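Coordinates from input.txt are shown below (compact mmCIF, N, CA and C atoms).
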```txt
# COMPACT_ATOMS: atom_id res chain seq x y z
N MET A 107 55.19 -54.45 -110.14
CA MET A 107 54.06 -54.56 -109.24
C MET A 107 54.43 -53.88 -107.92
N ALA A 108 53.61 -52.98 -107.49
CA ALA A 108 53.85 -52.26 -106.25
C ALA A 108 53.43 -53.12 -105.06
N SER A 109 53.99 -52.82 -103.90
CA SER A 109 53.65 -53.61 -102.72
C SER A 109 52.19 -53.48 -102.35
N GLU A 110 51.53 -52.41 -102.79
CA GLU A 110 50.11 -52.23 -102.51
C GLU A 110 49.26 -53.23 -103.29
N ASP A 111 49.81 -53.79 -104.36
CA ASP A 111 49.08 -54.72 -105.21
C ASP A 111 49.16 -56.17 -104.71
N ILE A 112 49.96 -56.42 -103.70
CA ILE A 112 50.16 -57.78 -103.22
C ILE A 112 49.19 -58.06 -102.08
N GLN A 113 48.51 -59.17 -102.16
CA GLN A 113 47.59 -59.57 -101.10
C GLN A 113 48.33 -60.47 -100.12
N MET A 114 48.28 -60.14 -98.85
CA MET A 114 48.93 -60.92 -97.82
C MET A 114 47.94 -61.94 -97.27
N LEU A 115 48.20 -63.21 -97.48
CA LEU A 115 47.32 -64.26 -96.99
C LEU A 115 47.76 -64.79 -95.64
N ASP A 116 49.06 -64.80 -95.38
CA ASP A 116 49.57 -65.36 -94.14
C ASP A 116 50.78 -64.57 -93.69
N LEU A 117 50.61 -63.82 -92.60
CA LEU A 117 51.71 -63.01 -92.08
C LEU A 117 52.78 -63.87 -91.42
N GLY A 118 52.43 -65.08 -91.03
CA GLY A 118 53.40 -65.99 -90.41
C GLY A 118 54.55 -66.30 -91.35
N GLY A 119 54.25 -66.45 -92.64
CA GLY A 119 55.30 -66.72 -93.62
C GLY A 119 56.27 -65.56 -93.74
N VAL A 120 55.77 -64.35 -93.69
CA VAL A 120 56.62 -63.17 -93.76
C VAL A 120 57.51 -63.10 -92.52
N ARG A 121 56.94 -63.40 -91.37
CA ARG A 121 57.73 -63.40 -90.13
C ARG A 121 58.83 -64.46 -90.19
N THR A 122 58.51 -65.62 -90.74
CA THR A 122 59.50 -66.68 -90.87
C THR A 122 60.64 -66.26 -91.79
N LEU A 123 60.32 -65.65 -92.91
CA LEU A 123 61.35 -65.18 -93.84
C LEU A 123 62.23 -64.11 -93.19
N ALA A 124 61.62 -63.20 -92.45
CA ALA A 124 62.40 -62.16 -91.78
C ALA A 124 63.32 -62.79 -90.73
N ALA A 125 62.81 -63.77 -89.97
CA ALA A 125 63.64 -64.44 -88.97
C ALA A 125 64.80 -65.18 -89.61
N LEU A 126 64.55 -65.85 -90.72
CA LEU A 126 65.63 -66.55 -91.42
C LEU A 126 66.67 -65.56 -91.96
N GLY A 127 66.21 -64.40 -92.37
CA GLY A 127 67.14 -63.36 -92.81
C GLY A 127 68.06 -62.92 -91.68
N TRP A 128 67.49 -62.79 -90.47
CA TRP A 128 68.31 -62.42 -89.31
C TRP A 128 69.30 -63.53 -88.96
N VAL A 129 68.88 -64.78 -89.08
CA VAL A 129 69.79 -65.91 -88.83
C VAL A 129 70.95 -65.87 -89.82
N ALA A 130 70.61 -65.66 -91.08
CA ALA A 130 71.67 -65.59 -92.11
C ALA A 130 72.59 -64.41 -91.85
N ALA A 131 72.03 -63.28 -91.43
CA ALA A 131 72.86 -62.10 -91.14
C ALA A 131 73.81 -62.38 -89.98
N GLY A 132 73.32 -63.07 -88.94
CA GLY A 132 74.18 -63.43 -87.81
C GLY A 132 75.30 -64.36 -88.22
N PHE A 133 74.98 -65.32 -89.08
CA PHE A 133 76.00 -66.25 -89.59
C PHE A 133 77.07 -65.49 -90.37
N LEU A 134 76.64 -64.60 -91.25
CA LEU A 134 77.59 -63.84 -92.05
C LEU A 134 78.43 -62.91 -91.17
N TYR A 135 77.81 -62.34 -90.13
CA TYR A 135 78.55 -61.48 -89.20
C TYR A 135 79.67 -62.26 -88.52
N GLU A 136 79.36 -63.48 -88.09
CA GLU A 136 80.37 -64.32 -87.45
C GLU A 136 81.50 -64.66 -88.42
N MET A 137 81.21 -64.70 -89.71
CA MET A 137 82.25 -64.98 -90.71
C MET A 137 83.07 -63.74 -91.05
N GLY A 138 82.67 -62.60 -90.51
CA GLY A 138 83.41 -61.37 -90.77
C GLY A 138 82.91 -60.58 -91.95
N ALA A 139 81.69 -60.86 -92.39
CA ALA A 139 81.13 -60.14 -93.53
C ALA A 139 80.79 -58.70 -93.14
N THR A 140 80.84 -57.83 -94.12
CA THR A 140 80.46 -56.43 -93.90
C THR A 140 79.42 -56.04 -94.94
N LEU A 141 78.84 -54.86 -94.77
CA LEU A 141 77.85 -54.38 -95.73
C LEU A 141 78.49 -54.03 -97.08
N GLN A 142 79.81 -54.10 -97.15
CA GLN A 142 80.49 -53.86 -98.41
C GLN A 142 80.32 -55.03 -99.37
N TRP A 143 79.97 -56.21 -98.83
CA TRP A 143 79.75 -57.39 -99.66
C TRP A 143 78.39 -57.25 -100.34
N PRO A 144 78.32 -57.43 -101.65
CA PRO A 144 77.04 -57.29 -102.36
C PRO A 144 75.97 -58.25 -101.84
N GLU A 145 76.37 -59.46 -101.46
CA GLU A 145 75.39 -60.43 -100.96
C GLU A 145 74.78 -59.99 -99.64
N VAL A 146 75.61 -59.43 -98.78
CA VAL A 146 75.13 -58.97 -97.47
C VAL A 146 74.23 -57.75 -97.65
N GLU A 147 74.59 -56.87 -98.55
CA GLU A 147 73.76 -55.70 -98.82
C GLU A 147 72.38 -56.12 -99.35
N LEU A 148 72.36 -57.10 -100.24
CA LEU A 148 71.10 -57.60 -100.77
C LEU A 148 70.25 -58.23 -99.67
N LEU A 149 70.88 -59.03 -98.81
CA LEU A 149 70.16 -59.65 -97.71
C LEU A 149 69.58 -58.60 -96.77
N ALA A 150 70.35 -57.57 -96.47
CA ALA A 150 69.87 -56.50 -95.59
C ALA A 150 68.67 -55.79 -96.20
N LYS A 151 68.72 -55.54 -97.50
CA LYS A 151 67.60 -54.87 -98.16
C LYS A 151 66.35 -55.74 -98.17
N LEU A 152 66.54 -57.05 -98.40
CA LEU A 152 65.39 -57.96 -98.41
C LEU A 152 64.73 -58.05 -97.04
N VAL A 153 65.53 -58.17 -95.99
CA VAL A 153 64.97 -58.25 -94.64
C VAL A 153 64.28 -56.93 -94.29
N ASP A 154 64.88 -55.83 -94.65
CA ASP A 154 64.27 -54.52 -94.40
C ASP A 154 62.93 -54.40 -95.11
N HIS A 155 62.87 -54.87 -96.33
CA HIS A 155 61.63 -54.82 -97.10
C HIS A 155 60.57 -55.72 -96.46
N LEU A 156 60.97 -56.91 -96.00
CA LEU A 156 60.02 -57.81 -95.35
C LEU A 156 59.46 -57.23 -94.06
N LEU A 157 60.32 -56.53 -93.31
CA LEU A 157 59.87 -55.98 -92.03
C LEU A 157 58.86 -54.87 -92.21
N CYS A 158 58.75 -54.30 -93.39
CA CYS A 158 57.73 -53.29 -93.66
C CYS A 158 56.33 -53.90 -93.58
N PHE A 159 56.22 -55.20 -93.78
CA PHE A 159 54.92 -55.86 -93.78
C PHE A 159 54.51 -56.39 -92.41
N VAL A 160 55.46 -56.45 -91.47
CA VAL A 160 55.17 -57.04 -90.16
C VAL A 160 54.70 -55.94 -89.22
N PRO A 161 53.50 -56.09 -88.67
CA PRO A 161 52.98 -55.06 -87.76
C PRO A 161 53.66 -55.09 -86.41
```

Before anything else, please render the file you have as structure tokens.
Amino acid sequence: MASEDIQMLDLGGVRTLAALGWVAAGFLYEMGATLQWPEVELLAKLVDHLLCFVP
């Protein structure tokens, strides 16, 4: 399913998910995580994808 096929009912939820992603990224940064970790790379991609929807 392409992103064009998804109906956005509440942009507040997307903003909340993006904010939580940034909180998680800050926590991982403090632990010494790098983008070499698969989990951190996945989190970065998810937050980046979410930010495409936020005007």

Report, in Å to a single decimal, how far apart CA of Leu156 in chain A and CA of Leu123 in chain A are.
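Here the two named atoms are 7.6 Å from each other.
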
Which distance in Å separates CA of Leu126 in chain A and CA of Leu141 in chain A, to one decimal?
17.8 Å

Work out how far atom C of Val146 in chain A is from atom C of Leu134 in chain A, in Å to one decimal.
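Rounded to one decimal, the two atoms are 9.3 Å apart.
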
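Using all atoms listed in the file, the smallest distance between any of A:Gly119, A:Thr140, A:Ala125, A:Phe133 and Val153 in chain A comes from A:Ala125.
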
Around all of range 147-153 of chain A's listed atoms, make the axis-aligned box with 8 Å on each side and tell me centre and edge lengths in Å to one decimal, as lines of an AutoDock Vina configuration file.
```
center_x = 69.4
center_y = -57.3
center_z = -97.5
size_x = 26.3
size_y = 20.8
size_z = 22.5
```

Please provide the set of residues having any atom within 12 Å of Lys151 in chain A, restricted to only C-alpha atoms, with same-chain residues fewer than 4 positions apart removed, written as a PDB file with N, CA and C atoms, in the frame of the given file.
```pdb
ATOM      1  N   ALA A 124      61.620 -63.200 -92.450  1.00  0.00           N
ATOM      2  CA  ALA A 124      62.400 -62.160 -91.780  1.00  0.00           C
ATOM      3  C   ALA A 124      63.320 -62.790 -90.730  1.00  0.00           C
ATOM      4  N   GLY A 127      66.210 -64.400 -92.370  1.00  0.00           N
ATOM      5  CA  GLY A 127      67.140 -63.360 -92.810  1.00  0.00           C
ATOM      6  C   GLY A 127      68.060 -62.920 -91.680  1.00  0.00           C
ATOM      7  N   TRP A 128      67.490 -62.790 -90.470  1.00  0.00           N
ATOM      8  CA  TRP A 128      68.310 -62.420 -89.310  1.00  0.00           C
ATOM      9  C   TRP A 128      69.300 -63.530 -88.960  1.00  0.00           C
ATOM     10  N   ALA A 131      72.030 -63.280 -91.430  1.00  0.00           N
ATOM     11  CA  ALA A 131      72.860 -62.100 -91.140  1.00  0.00           C
ATOM     12  C   ALA A 131      73.810 -62.380 -89.980  1.00  0.00           C
ATOM     13  N   LEU A 141      78.840 -54.860 -94.770  1.00  0.00           N
ATOM     14  CA  LEU A 141      77.850 -54.380 -95.730  1.00  0.00           C
ATOM     15  C   LEU A 141      78.490 -54.030 -97.080  1.00  0.00           C
ATOM     16  N   PRO A 144      78.320 -57.430-101.650  1.00  0.00           N
ATOM     17  CA  PRO A 144      77.040 -57.290-102.360  1.00  0.00           C
ATOM     18  C   PRO A 144      75.970 -58.250-101.840  1.00  0.00           C
ATOM     19  N   GLU A 145      76.370 -59.460-101.460  1.00  0.00           N
ATOM     20  CA  GLU A 145      75.390 -60.430-100.960  1.00  0.00           C
ATOM     21  C   GLU A 145      74.780 -59.990 -99.640  1.00  0.00           C
ATOM     22  N   VAL A 146      75.610 -59.430 -98.780  1.00  0.00           N
ATOM     23  CA  VAL A 146      75.130 -58.970 -97.470  1.00  0.00           C
ATOM     24  C   VAL A 146      74.230 -57.750 -97.650  1.00  0.00           C
ATOM     25  N   GLU A 147      74.590 -56.870 -98.550  1.00  0.00           N
ATOM     26  CA  GLU A 147      73.760 -55.700 -98.820  1.00  0.00           C
ATOM     27  C   GLU A 147      72.380 -56.120 -99.350  1.00  0.00           C
ATOM     28  N   HIS A 155      62.870 -54.870 -96.330  1.00  0.00           N
ATOM     29  CA  HIS A 155      61.630 -54.820 -97.100  1.00  0.00           C
ATOM     30  C   HIS A 155      60.570 -55.720 -96.460  1.00  0.00           C
ATOM     31  N   LEU A 156      60.970 -56.910 -96.000  1.00  0.00           N
ATOM     32  CA  LEU A 156      60.020 -57.810 -95.350  1.00  0.00           C
ATOM     33  C   LEU A 156      59.460 -57.230 -94.060  1.00  0.00           C
ATOM     34  N   LEU A 157      60.320 -56.530 -93.310  1.00  0.00           N
ATOM     35  CA  LEU A 157      59.870 -55.980 -92.030  1.00  0.00           C
ATOM     36  C   LEU A 157      58.860 -54.870 -92.210  1.00  0.00           C
ATOM     37  N   CYS A 158      58.750 -54.300 -93.390  1.00  0.00           N
ATOM     38  CA  CYS A 158      57.730 -53.290 -93.660  1.00  0.00           C
ATOM     39  C   CYS A 158      56.330 -53.900 -93.580  1.00  0.00           C
TER      40      CYS A 158
END
```
